[in-house]
Amino acid sequence: MNFSTKERNLLEDQKNHEQICIEKYSNYASMASDPQLKSLFEQNCQTEQEHYNTLDQLLKGQMPQMQQSSSQQSGSQQSGNMQMKSQQSQQGGSMQQMAQQSSFMPKGQSSNYNNCDKDLCTDMLMTEKYVSGTYDTSIFEFRDPQVRNILNHIQKEEQQHGESIFKYMENNGMYQVK
Ligand SMILES: [Fe+2]
């Protein structure tokens, strides 16, 4: 694979973004109070590590295997959906845990969540929005359609991360949808 200087620089930028996402998700998983949020951050962290590895492979001139056929693509999307389902099924248990944490709530707070957890979610959501946007901008600069597909696939997963955080916040009263 023969990348232009611009293409290479964009891949390096995205790789740095992925590195920061890995560090943030890893740190935030240890900081989160709710076990359900910990596991959500840990799962997203694993996907970010895959993104990092994919970009690293591209920069080393290798075409990542995950994008070789359309059937593999749909397979990975299915496993993504299954992850979402398993997250939802864990919610019943964690509601009890969150109720136990209610003593940590500031007085006058009506919703039953930890404020630090909310800040972690808000920051990760902001980060995912930014990274998704930079993938969108980068994609337009690439000549190879296969590389565009890979970046598009990664971008879609960033949006899924954003969705998982949004859903968590909405389900826990952190995100008021009016
Ligand atoms: Fe990522």
# chains A, B, ... in the order shown; residues from 1 in each chain; ligands from 1

call {"tool": "residues_near_ligand", "arguments": {"ligand": "ligand 1", "cutoff": "7 Å", "atoms": "only C-alpha atoms and all ligand atoms", "output": "PDB file with C-alpha atoms, in the first residue's frame"}}
result
ATOM      1  CA  GLU A  18      -7.441   5.743  19.395  1.00  0.00           C
ATOM      2  CA  CYS A  21      -9.617   6.606  23.728  1.00  0.00           C
ATOM      3  CA  THR A  47     -12.964  -2.109  20.384  1.00  0.00           C
ATOM      4  CA  GLU A  48     -10.723   0.964  20.535  1.00  0.00           C
ATOM      5  CA  HIS A  51      -9.139   0.206  15.940  1.00  0.00           C
ATOM      6  CA  ILE A 154     -14.356   2.145  12.427  1.00  0.00           C
ATOM      7  CA  GLU A 158     -17.424   5.044  17.237  1.00  0.00           C
TER       8      GLU A 158
END

call {"tool": "select_by_dssp", "arguments": {"residues": "segment 22-64 of chain A", "states": "helix (DSSP H, G or I)", "output": "MDAnalysis selection string"}}
result
chainID A and resid 22:31 35:59

call {"tool": "write_last_selection", "arguments": {"atoms": "C-alpha atoms", "output": "mmCIF file, in the first residue's frame"}}
result
data_model
loop_
_atom_site.group_PDB
_atom_site.id
_atom_site.type_symbol
_atom_site.label_atom_id
_atom_site.label_comp_id
_atom_site.auth_asym_id
_atom_site.auth_seq_id
_atom_site.Cartn_x
_atom_site.Cartn_y
_atom_site.Cartn_z
ATOM 1 C CA ILE A 22 -7.984 3.426 25.068
ATOM 2 C CA GLU A 23 -6.422 5.356 27.953
ATOM 3 C CA LYS A 24 -9.639 7.235 28.743
ATOM 4 C CA TYR A 25 -11.882 4.145 28.681
ATOM 5 C CA SER A 26 -9.376 2.216 30.765
ATOM 6 C CA ASN A 27 -9.022 5.006 33.366
ATOM 7 C CA TYR A 28 -12.748 5.747 33.418
ATOM 8 C CA ALA A 29 -13.600 2.048 33.876
ATOM 9 C CA SER A 30 -11.547 2.093 37.077
ATOM 10 C CA MET A 31 -13.105 5.410 38.195
ATOM 11 C CA PRO A 35 -20.403 -1.886 37.680
ATOM 12 C CA GLN A 36 -22.562 -1.729 34.552
ATOM 13 C CA LEU A 37 -20.780 1.457 33.432
ATOM 14 C CA LYS A 38 -17.410 -0.129 34.225
ATOM 15 C CA SER A 39 -18.190 -3.053 31.929
ATOM 16 C CA LEU A 40 -19.533 -0.747 29.195
ATOM 17 C CA PHE A 41 -16.287 1.275 29.274
ATOM 18 C CA GLU A 42 -14.221 -1.931 29.288
ATOM 19 C CA GLN A 43 -16.073 -3.290 26.235
ATOM 20 C CA ASN A 44 -15.647 -0.031 24.325
ATOM 21 C CA CYS A 45 -11.974 0.000 25.330
ATOM 22 C CA GLN A 46 -11.487 -3.389 23.644
ATOM 23 C CA THR A 47 -12.964 -2.109 20.384
ATOM 24 C CA GLU A 48 -10.723 0.964 20.535
ATOM 25 C CA GLN A 49 -7.743 -1.366 20.884
ATOM 26 C CA GLU A 50 -8.902 -3.175 17.711
ATOM 27 C CA HIS A 51 -9.139 0.206 15.940
ATOM 28 C CA TYR A 52 -5.624 1.060 17.073
ATOM 29 C CA ASN A 53 -4.322 -2.287 15.793
ATOM 30 C CA THR A 54 -6.113 -1.828 12.443
ATOM 31 C CA LEU A 55 -4.569 1.629 11.916
ATOM 32 C CA ASP A 56 -1.179 0.297 12.983
ATOM 33 C CA GLN A 57 -1.467 -2.499 10.388
ATOM 34 C CA LEU A 58 -2.407 -0.013 7.650
ATOM 35 C CA LEU A 59 0.593 2.178 8.504
#

call {"tool": "closest_residue", "arguments": {"among": "A:Asp119, A:Glu128, A:Glu7, A:Asp13", "to": "Ser164 of chain A", "atoms": "only C-alpha atoms"}}
result
A:Glu128

call {"tool": "atom_distance", "arguments": {"atom1": "atom CA of Leu125 of chain A", "atom2": "atom CA of Met63 of chain A"}}
result
29.5 Å

call {"tool": "atom_distance", "arguments": {"atom1": "atom CA of His161 of chain A", "atom2": "atom CA of Lys129 of chain A"}}
result
9.6 Å

call {"tool": "residues_around", "arguments": {"residues": "Tyr135 of chain A", "least_positions_apart": "6", "cutoff": "8 Å", "atoms": "only C-alpha atoms", "output": "list in words"}}
result
Gln14, Leu151, Asn152 and Gln155 of chain A

call {"tool": "write_last_selection", "arguments": {"atoms": "N, CA and C atoms", "output": "CSV table (one decimal), in the first residue's frame"}}
result
chain,number,residue,atom,x,y,z
A,14,GLN,N,-5.3,9.6,13.6
A,14,GLN,CA,-6.4,8.7,14.1
A,14,GLN,C,-5.8,7.7,15.0
A,151,LEU,N,-12.1,2.6,7.3
A,151,LEU,CA,-12.3,3.8,8.1
A,151,LEU,C,-13.7,4.1,8.4
A,152,ASN,N,-14.6,3.8,7.4
A,152,ASN,CA,-16.0,3.9,7.6
A,152,ASN,C,-16.5,2.9,8.6
A,155,GLN,N,-15.6,4.2,12.0
A,155,GLN,CA,-16.4,5.4,12.3
A,155,GLN,C,-17.8,4.9,12.8

call {"tool": "closest_residue", "arguments": {"among": "A:Asp144, A:His153, A:Thr122, A:Ser138", "to": "Tyr168 of chain A", "atoms": "only C-alpha atoms"}}
result
A:Thr122

call {"tool": "residues_around", "arguments": {"residues": "Phe142 of chain A", "least_positions_apart": "6", "cutoff": "10 Å", "atoms": "only C-alpha atoms", "output": "compact mmCIF listing (two decimals) with C-alpha atoms, in the first residue's frame"}}
result
# COMPACT_ATOMS: atom_id res chain seq x y z
CA PHE A 3 0.00 6.18 1.11
CA SER A 4 0.56 9.83 0.32
CA LYS A 6 -1.38 13.43 3.74
CA GLU A 7 -2.96 9.95 4.01
CA ARG A 8 -0.16 8.78 6.32
CA LEU A 10 -4.24 11.33 8.84
CA ARG A 148 -12.24 4.14 2.96
CA LEU A 151 -12.25 3.83 8.14

call {"tool": "closest_residue", "arguments": {"among": "A:Gln62, A:Ser33, A:Asn115, A:Thr134", "to": "Asn2 of chain A", "atoms": "only C-alpha atoms"}}
result
A:Gln62

call {"tool": "residues_around", "arguments": {"residues": "Cys121 of chain A", "least_positions_apart": "3", "cutoff": "8 Å", "atoms": "only C-alpha atoms", "output": "number ranges by chain"}}
result
A: 117-118, 124-125, 165, 169

call {"tool": "write_last_selection", "arguments": {"atoms": "C-alpha atoms", "output": "PDB file, in the first residue's frame"}}
result
ATOM      1  CA  ASP A 117     -20.283   8.704  36.560  1.00  0.00           C
ATOM      2  CA  LYS A 118     -22.336  11.286  34.692  1.00  0.00           C
ATOM      3  CA  MET A 124     -16.621  10.050  26.684  1.00  0.00           C
ATOM      4  CA  LEU A 125     -19.624  11.078  24.601  1.00  0.00           C
ATOM      5  CA  ILE A 165     -23.164   5.755  26.304  1.00  0.00           C
ATOM      6  CA  MET A 169     -27.265   7.949  30.316  1.00  0.00           C
TER       7      MET A 169
END

call {"tool": "atom_distance", "arguments": {"atom1": "atom CA of Pro64 of chain A", "atom2": "atom CA of Asn16 of chain A"}}
result
18.1 Å

call {"tool": "closest_residue", "arguments": {"among": "A:Asn9, A:Asp34, A:Ser132, A:Gln160", "to": "Leu120 of chain A", "atoms": "only C-alpha atoms"}}
result
A:Asp34

call {"tool": "decode", "arguments": {"residues": "segment 151-175 of chain A", "atoms": "N, CA and C atoms", "output": "PDB file, in the first residue's frame"}}
result
ATOM      1  N   LEU A 151     -12.065   2.646   7.304  1.00  0.00           N
ATOM      2  CA  LEU A 151     -12.255   3.835   8.144  1.00  0.00           C
ATOM      3  C   LEU A 151     -13.736   4.067   8.422  1.00  0.00           C
ATOM      4  N   ASN A 152     -14.560   3.782   7.415  1.00  0.00           N
ATOM      5  CA  ASN A 152     -16.008   3.919   7.583  1.00  0.00           C
ATOM      6  C   ASN A 152     -16.536   2.943   8.627  1.00  0.00           C
ATOM      7  N   HIS A 153     -16.001   1.711   8.589  1.00  0.00           N
ATOM      8  CA  HIS A 153     -16.390   0.682   9.564  1.00  0.00           C
ATOM      9  C   HIS A 153     -16.007   1.123  10.981  1.00  0.00           C
ATOM     10  N   ILE A 154     -14.797   1.666  11.108  1.00  0.00           N
ATOM     11  CA  ILE A 154     -14.356   2.145  12.427  1.00  0.00           C
ATOM     12  C   ILE A 154     -15.251   3.289  12.889  1.00  0.00           C
ATOM     13  N   GLN A 155     -15.554   4.214  11.967  1.00  0.00           N
ATOM     14  CA  GLN A 155     -16.394   5.356  12.334  1.00  0.00           C
ATOM     15  C   GLN A 155     -17.757   4.892  12.841  1.00  0.00           C
ATOM     16  N   LYS A 156     -18.299   3.875  12.156  1.00  0.00           N
ATOM     17  CA  LYS A 156     -19.602   3.338  12.577  1.00  0.00           C
ATOM     18  C   LYS A 156     -19.520   2.808  14.011  1.00  0.00           C
ATOM     19  N   GLU A 157     -18.408   2.160  14.332  1.00  0.00           N
ATOM     20  CA  GLU A 157     -18.250   1.632  15.697  1.00  0.00           C
ATOM     21  C   GLU A 157     -18.102   2.762  16.721  1.00  0.00           C
ATOM     22  N   GLU A 158     -17.487   3.890  16.317  1.00  0.00           N
ATOM     23  CA  GLU A 158     -17.424   5.044  17.237  1.00  0.00           C
ATOM     24  C   GLU A 158     -18.843   5.544  17.516  1.00  0.00           C
ATOM     25  N   GLN A 159     -19.662   5.558  16.467  1.00  0.00           N
ATOM     26  CA  GLN A 159     -21.053   5.994  16.651  1.00  0.00           C
ATOM     27  C   GLN A 159     -21.813   5.013  17.549  1.00  0.00           C
ATOM     28  N   GLN A 160     -21.498   3.711  17.422  1.00  0.00           N
ATOM     29  CA  GLN A 160     -22.133   2.717  18.295  1.00  0.00           C
ATOM     30  C   GLN A 160     -21.693   2.920  19.746  1.00  0.00           C
ATOM     31  N   HIS A 161     -20.411   3.283  19.944  1.00  0.00           N
ATOM     32  CA  HIS A 161     -19.951   3.598  21.309  1.00  0.00           C
ATOM     33  C   HIS A 161     -20.763   4.765  21.870  1.00  0.00           C
ATOM     34  N   GLY A 162     -20.898   5.801  21.022  1.00  0.00           N
ATOM     35  CA  GLY A 162     -21.682   6.967  21.437  1.00  0.00           C
ATOM     36  C   GLY A 162     -23.100   6.569  21.792  1.00  0.00           C
ATOM     37  N   GLU A 163     -23.665   5.676  20.989  1.00  0.00           N
ATOM     38  CA  GLU A 163     -25.042   5.221  21.231  1.00  0.00           C
ATOM     39  C   GLU A 163     -25.128   4.464  22.554  1.00  0.00           C
ATOM     40  N   SER A 164     -24.129   3.610  22.822  1.00  0.00           N
ATOM     41  CA  SER A 164     -24.166   2.831  24.065  1.00  0.00           C
ATOM     42  C   SER A 164     -24.085   3.747  25.282  1.00  0.00           C
ATOM     43  N   ILE A 165     -23.282   4.808  25.189  1.00  0.00           N
ATOM     44  CA  ILE A 165     -23.164   5.755  26.304  1.00  0.00           C
ATOM     45  C   ILE A 165     -24.453   6.571  26.433  1.00  0.00           C
ATOM     46  N   PHE A 166     -24.967   7.012  25.280  1.00  0.00           N
ATOM     47  CA  PHE A 166     -26.225   7.774  25.280  1.00  0.00           C
ATOM     48  C   PHE A 166     -27.347   6.964  25.928  1.00  0.00           C
ATOM     49  N   LYS A 167     -27.446   5.681  25.516  1.00  0.00           N
ATOM     50  CA  LYS A 167     -28.508   4.812  26.068  1.00  0.00           C
ATOM     51  C   LYS A 167     -28.333   4.638  27.573  1.00  0.00           C
ATOM     52  N   TYR A 168     -27.082   4.428  27.996  1.00  0.00           N
ATOM     53  CA  TYR A 168     -26.821   4.263  29.431  1.00  0.00           C
ATOM     54  C   TYR A 168     -27.285   5.513  30.185  1.00  0.00           C
ATOM     55  N   MET A 169     -26.910   6.684  29.654  1.00  0.00           N
ATOM     56  CA  MET A 169     -27.265   7.949  30.316  1.00  0.00           C
ATOM     57  C   MET A 169     -28.777   8.138  30.354  1.00  0.00           C
ATOM     58  N   GLU A 170     -29.422   7.824  29.236  1.00  0.00           N
ATOM     59  CA  GLU A 170     -30.870   7.997  29.164  1.00  0.00           C
ATOM     60  C   GLU A 170     -31.564   7.059  30.153  1.00  0.00           C
ATOM     61  N   ASN A 171     -31.116   5.787  30.185  1.00  0.00           N
ATOM     62  CA  ASN A 171     -31.736   4.800  31.074  1.00  0.00           C
ATOM     63  C   ASN A 171     -31.543   5.143  32.548  1.00  0.00           C
ATOM     64  N   ASN A 172     -30.500   5.906  32.844  1.00  0.00           N
ATOM     65  CA  ASN A 172     -30.191   6.209  34.242  1.00  0.00           C
ATOM     66  C   ASN A 172     -30.540   7.653  34.623  1.00  0.00           C
ATOM     67  N   GLY A 173     -31.306   8.315  33.768  1.00  0.00           N
ATOM     68  CA  GLY A 173     -31.790   9.661  34.097  1.00  0.00           C
ATOM     69  C   GLY A 173     -30.736  10.750  33.987  1.00  0.00           C
ATOM     70  N   MET A 174     -29.578  10.416  33.346  1.00  0.00           N
ATOM     71  CA  MET A 174     -28.506  11.417  33.205  1.00  0.00           C
ATOM     72  C   MET A 174     -28.735  12.319  31.998  1.00  0.00           C
ATOM     73  N   TYR A 175     -29.550  11.852  31.070  1.00  0.00           N
ATOM     74  CA  TYR A 175     -29.713  12.566  29.807  1.00  0.00           C
ATOM     75  C   TYR A 175     -31.200  12.778  29.611  1.00  0.00           C
TER      76      TYR A 175
END
